[in-house]
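I have placed the structure first, in the form of structure tokens, so that the comments after it can refer back to it.
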Amino acid sequence: MSGTAEAADLLWRAQTYVAAAQIHLQDNVLLRRPLGPGDVKARPAGHWGTVPGTAWALAHVALLSGTGGTELVPLLGAGHAGVAQIAAGWLTGHLATARPQFSRDEQGLLRLCRSFPNVAGLGSEVTPALPAGDFLGGRLGGCLPFAQGAALAAGPGRVIVPVLGDGECETPTTAAAWLAGHALHGTPVLPIVHLNGFRMGAPSLLAGLDEQALAAYAAGLGWRARIVTVPDDGHDAFHAELAQAVADTLAGSRMVLFMRCVKGWSGPDAVNGRQVLGTARAHKTPLTQAATDPAQTHALEAWLSSYRPEELFTGSGHPGPGLAGAVSATAWPRLQARRPAPAPRPTVRQRPPASFSDAVTTVIRDHAGAGDFRVFSPDELASNRLAELAGQPWTTEILAEEVLGEQLAGFNAAGGRGVLISYEAFAPLLATGIVSLLKQQRMPGAAPRPSFNLLLTSYGWHNTYTHGDPSLTTLLLALEDPAIRVLTPADPARLAAVLDDAFTSTGQLNVIVAGKHPLPAVPADTLREEVTRGAAVWPHLSDAQPPALTVVVCGDLPAAVAAEALPRIRAELGVAVRVVSVLDLTVLGDPAVWPSGLRAGELDALLGEDAAVLVVTLGHPAAIWSLLQARHGRPVEVIGWRETEGPRTQQDTAAAAGMTPEGLLAAAGRLLKARARCDTW
């Protein structure tokens, strides 16, 4: 066995021991005496089956990283692999950096075992506070495209190494990402596919393929496969295959390393007469009664002893000389290590954009010139009147929103700025990935990133029956995450301004909704106030006296319809009207939740002290109600997207929702009657 193999074996044994200990033990964490009932947790909790293979892969990646001037950045696709990640973090000292109570000694290990699975607020799954945690694997499928996006910003001499489960490869996002590699030439990504034979509760499909079929599967998708069986082939063979795969990746080949193993290997073979090793029973700990069942207590002791902890740790619980040397030979780079300086804001443009296309292409070209900006789009740029962006070296078009969303998230994580441009109706496909991204950014240890920007166009008001669905913004606003902004610019000038602002922001989720069809321009005198404050009164459409009715427009089409309806409202209802443009929907929300939310006095000043309010929005009325809740204290109606019984013309769709001058006039009449009743109370 070579020196590298010896170091890898020490690292693997130590990681796996600590992982198993933190799941099961609450005392006697170094096995200084035979295990007794008081040493074992009454209800051990944690995912065991993925640990041996994950620890093996992490040990070798960390030992190879930094050699020959090449950095390897590991990412963990399965959230359950956090057990192994936390164990590695304790060994390297990264965990003690994040949580000093988990020092690299016996007391620190004891505190870790007693704290697991909470781990002082870090949780038991993959965490951004530790190396290999830049991707949050709470839901499966996104790690490979995330790694592809990160590799777009990786720089020379850096390879992104996502460790994927074989069950994960059955997800549509991962399956599409293999093929998406064809659109990302020269991106240094080396997936390690952990083939332990099972998903969670049943055999995986990929692991059922023999070596010839496995290699053919990869080749058909454009990847060259290297296949190793561990631990049978040994550390030297795996390390050599990994090193060669890294070299081939840097040379421009798309490589994948398949790592076959038995699920739960090195753990109990059978428990209470039932086979565990190599079955779905190894997914979580098989020894659930080790605190009370002497046979299981003995089995746990034998299991932990098999890693020979006395060879790994000193009497005080520090890593022994051999393990300490192995740890010192590892490198654990993170994506944010190469984060560039914030991008400068573009200079003020001399002329306002004339159209949606002009606004978007001009702003994006300005930002792309900085070299750290990319466009991701699902083969719809020409349809969205943005054909100038197609075919650019900084543009990626793949017909899979879920893949593109993960690629943008990975690109952001590595310091890149960008935008995903899509039809509004297809954006709900991004929901799970975006929710996971928001969860990660709320977790301890999450590094600041450029904002995730989403431009939604071709909305349902100007589209076919099957292409109308504003559900993503409704869902996101329901999350009440302060990082979210839903931006509804009323014309191309405002669209250009919010794109500039979004593209230079940090840590936000900016959803911009704008139509691609020509609509009347709006005077620019309140533009800066709308961008900075999120809303403004439009003097050109408002009466000077206090309003009886305030029309709140959220977006370009609502602004156009309201402008057309106002003469009839004034003529037929005879009241003073104020028009307010809301550029950032969250200004309507509770300021205790939303950073841009207006306080009660500010909201009254904006809307008028006792005016009835008619909100006209591009999306679902439910999205607006989720923001207003019970804060308004006045008659309010919301006109927005409503599903129809079946296909209708665009005019009939608008009429059914009330998004017409006639619909606004009728709503205004109802509101004024309600206001009059309130005045008599």
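Residue numbering restarts at 1 in every chain; chains get A, B, ... in the order shown in the structure tokens, and ligands count up from 1 in that same order.
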Problem set entry | Spatial neighbours of region 499-506 of chain A, max dist 9 Å, only C-alpha atoms, sep filter under 2 positions, as a ChimeraX atom specification | /A:342-346,359-360,363-364,367,373,417-419,448-453,455,494-497,508-510,512,531
Problem set entry | Non-local contacts of Leu541 (chain A) (12 Å; only C-alpha atoms; under 5 positions in same chain excluded) as a PyMOL selection string | chain A and resi 522-523+536+547+550-553+559-560+562-567+570+576-581
For this session: Find the residues near Leu399 (chain A): any atom within 12 Å, counting only C-alpha atoms, skip ones fewer than 5 places away on the same chain, and give them as an MDAnalysis selection string.
Result: chainID A and resid 173 176:177 179:180 183 376:381 404:405 421:423 426 429
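Comparing the minimum interatomic distances between Asn412 (chain A) and each of A:Ala431, A:Ala243, A:Ala153, A:Ile86, counting only C-alpha atoms, we find that A:Ala153 sits nearest.
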For this session: Report as number ranges by chain: the residues of region 68-245 of chain A with a DSSP assignment of alpha helix (DSSP H), based on the backbone of this structure.
Result: A: 82-92, 94-98, 106-115, 143-152, 172-180, 211-220, 234-245
Problem set entry | Minimum-distance residue to Leu606 (chain A), chosen among A:Arg351, A:Gly658, A:Ser471, A:Pro546 (using only C-alpha atoms) | A:Pro546
Problem set entry | Exercise: Asp604 (chain A) partners within 9 Å, only C-alpha atoms, chain neighbours under 6 positions left out, as a PyMOL selection string | chain A and resi 610-611+632
Exercise. Quick one: of A:Ser328, A:Leu35, A:Gln545, A:Leu287, who's nearest to Leu63 (chain A), counting only C-alpha atoms?
Worked result: A:Ser328
Problem set entry | Non-local contacts of Glu530 (chain A) (9 Å; only C-alpha atoms; under 3 positions in same chain excluded) as a list in words |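 Answer for this query is Arg494, Thr526, Leu527, Arg533, Gly534, Ala535, Ala536, Val537, Ser581, Val582, Leu583 and Asp584 of chain A.
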Next, dump the selected residues to file, keeping only N, CA and C atoms, as a short mmCIF file (atom, residue, chain, number, x, y, z; two decimals), in the first residue's frame.
data_model
loop_
_atom_site.label_atom_id
_atom_site.label_comp_id
_atom_site.auth_asym_id
_atom_site.auth_seq_id
_atom_site.Cartn_x
_atom_site.Cartn_y
_atom_site.Cartn_z
N ARG A 494 -38.31 51.43 -17.08
CA ARG A 494 -38.31 50.86 -15.73
C ARG A 494 -37.74 49.44 -15.73
N THR A 526 -41.03 59.72 -12.22
CA THR A 526 -41.04 58.98 -10.94
C THR A 526 -40.21 57.70 -11.01
N LEU A 527 -39.50 57.49 -12.07
CA LEU A 527 -38.78 56.21 -12.25
C LEU A 527 -37.81 55.95 -11.10
N ARG A 533 -37.71 53.23 -3.91
CA ARG A 533 -38.72 53.06 -2.87
C ARG A 533 -39.63 51.87 -3.13
N GLY A 534 -39.75 51.47 -4.41
CA GLY A 534 -40.59 50.35 -4.77
C GLY A 534 -41.96 50.74 -5.26
N ALA A 535 -42.36 52.01 -5.08
CA ALA A 535 -43.68 52.47 -5.50
C ALA A 535 -43.67 53.98 -5.58
N ALA A 536 -44.60 54.53 -6.36
CA ALA A 536 -44.71 55.98 -6.46
C ALA A 536 -46.08 56.35 -7.02
N VAL A 537 -46.55 57.55 -6.63
CA VAL A 537 -47.76 58.11 -7.22
C VAL A 537 -47.41 58.63 -8.61
N SER A 581 -48.09 53.39 -8.96
CA SER A 581 -47.35 52.29 -9.59
C SER A 581 -46.54 51.56 -8.52
N VAL A 582 -46.76 50.25 -8.42
CA VAL A 582 -45.97 49.42 -7.51
C VAL A 582 -44.98 48.63 -8.35
N LEU A 583 -43.73 48.95 -8.21
CA LEU A 583 -42.67 48.27 -8.95
C LEU A 583 -42.19 47.02 -8.23
N ASP A 584 -42.14 47.08 -6.90
CA ASP A 584 -41.74 45.95 -6.07
C ASP A 584 -42.95 45.54 -5.25
#
Problem set entry | Distance query Asp134 (chain A) at most 9 Å, only C-alpha atoms, self and fewer than 6 positions along chain excluded, as number ranges by chain | A: 74-76, 126-128, 334-336, 410, 413, 440, 446-447
Exercise. Using only C-alpha atoms, which residue out of A:His80, A:Lys263, A:His298, A:Arg226 lies closest to Pro37 (chain A)?
Worked result: A:His298
For this session: Tell me, as number ranges by chain, which residues lie within 12 Å of His47 (chain A), counting only C-alpha atoms; anything in the same chain fewer than 2 positions away does not count.
Result: A: 19-20, 22-24, 44-45, 49-52, 54, 78-85, 116-117, 124-126, 200, 263-264, 280-288
For this session: Using only C-alpha atoms, pick whichever of A:Pro309, A:Pro188, A:Gly369, A:Gly391 has the shortest atom-to-atom distance to Leu72 (chain A).
Result: A:Pro188
For this session: Write out as a ChimeraX atom specification all residues of region 471-675 of chain A that DSSP puts in strand (DSSP E or B) for this structure's backbone.
Result: /A:484-487,506,509-513,535-537,549-554,577-582,584,612-617,636-639
With C-alpha atoms kept, could you save the residues just selected as a tab-separated table (two decimals), in the first residue's frame?
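The result, stored in part_30.tsv:
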chain	number	residue	atom	x	y	z
A	484	ILE	CA	-37.43	37.74	-2.37
A	485	ARG	CA	-38.36	40.66	-4.60
A	486	VAL	CA	-41.10	40.46	-7.25
A	487	LEU	CA	-40.58	43.34	-9.65
A	506	THR	CA	-26.21	40.45	-3.66
A	509	LEU	CA	-33.98	36.45	-5.40
A	510	ASN	CA	-35.17	38.94	-7.99
A	511	VAL	CA	-38.18	37.88	-10.07
A	512	ILE	CA	-38.88	40.40	-12.83
A	513	VAL	CA	-42.14	40.05	-14.77
A	535	ALA	CA	-43.68	52.47	-5.50
A	536	ALA	CA	-44.71	55.98	-6.46
A	537	VAL	CA	-47.76	58.11	-7.22
A	549	LEU	CA	-60.35	55.81	-5.29
A	550	THR	CA	-56.73	54.74	-5.69
A	551	VAL	CA	-55.81	52.45	-8.55
A	552	VAL	CA	-52.62	50.49	-7.86
A	553	VAL	CA	-50.99	49.14	-11.01
A	554	CYS	CA	-48.48	46.32	-10.78
A	577	VAL	CA	-58.62	59.22	-8.54
A	578	ARG	CA	-55.00	58.55	-7.67
A	579	VAL	CA	-52.80	56.11	-9.58
A	580	VAL	CA	-49.93	54.39	-7.79
A	581	SER	CA	-47.35	52.29	-9.59
A	582	VAL	CA	-45.97	49.42	-7.51
A	584	ASP	CA	-41.74	45.95	-6.07
A	612	ALA	CA	-60.92	52.68	-1.67
A	613	VAL	CA	-58.19	50.69	-3.40
A	614	LEU	CA	-58.30	48.77	-6.66
A	615	VAL	CA	-55.15	46.71	-7.25
A	616	VAL	CA	-54.53	45.59	-10.83
A	617	THR	CA	-51.79	42.98	-11.11
A	636	VAL	CA	-60.04	46.71	-1.53
A	637	GLU	CA	-60.46	44.66	-4.69
A	638	VAL	CA	-57.74	42.91	-6.66
A	639	ILE	CA	-57.94	42.20	-10.38
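Straight-line separation from CA of Asp27 (chain A) to CA of Thr297 (chain A): 13.3 Å.
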Exercise. Pick the closest to Glu424 (chain A) from A:Ala514, A:Ala387, A:Leu437, A:Val246: which is it, counting only C-alpha atoms?
Worked result: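 Between A:Ala514, A:Ala387, A:Leu437, A:Val246, the residue approaching Glu424 (chain A) most closely is A:Ala514.
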For this session: Would you mind reading off the distance between CA of Asp358 (chain A) and CA of Pro492 (chain A), one decimal, in Å?
Result: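 Between these atoms lies a distance of 7.8 Å.
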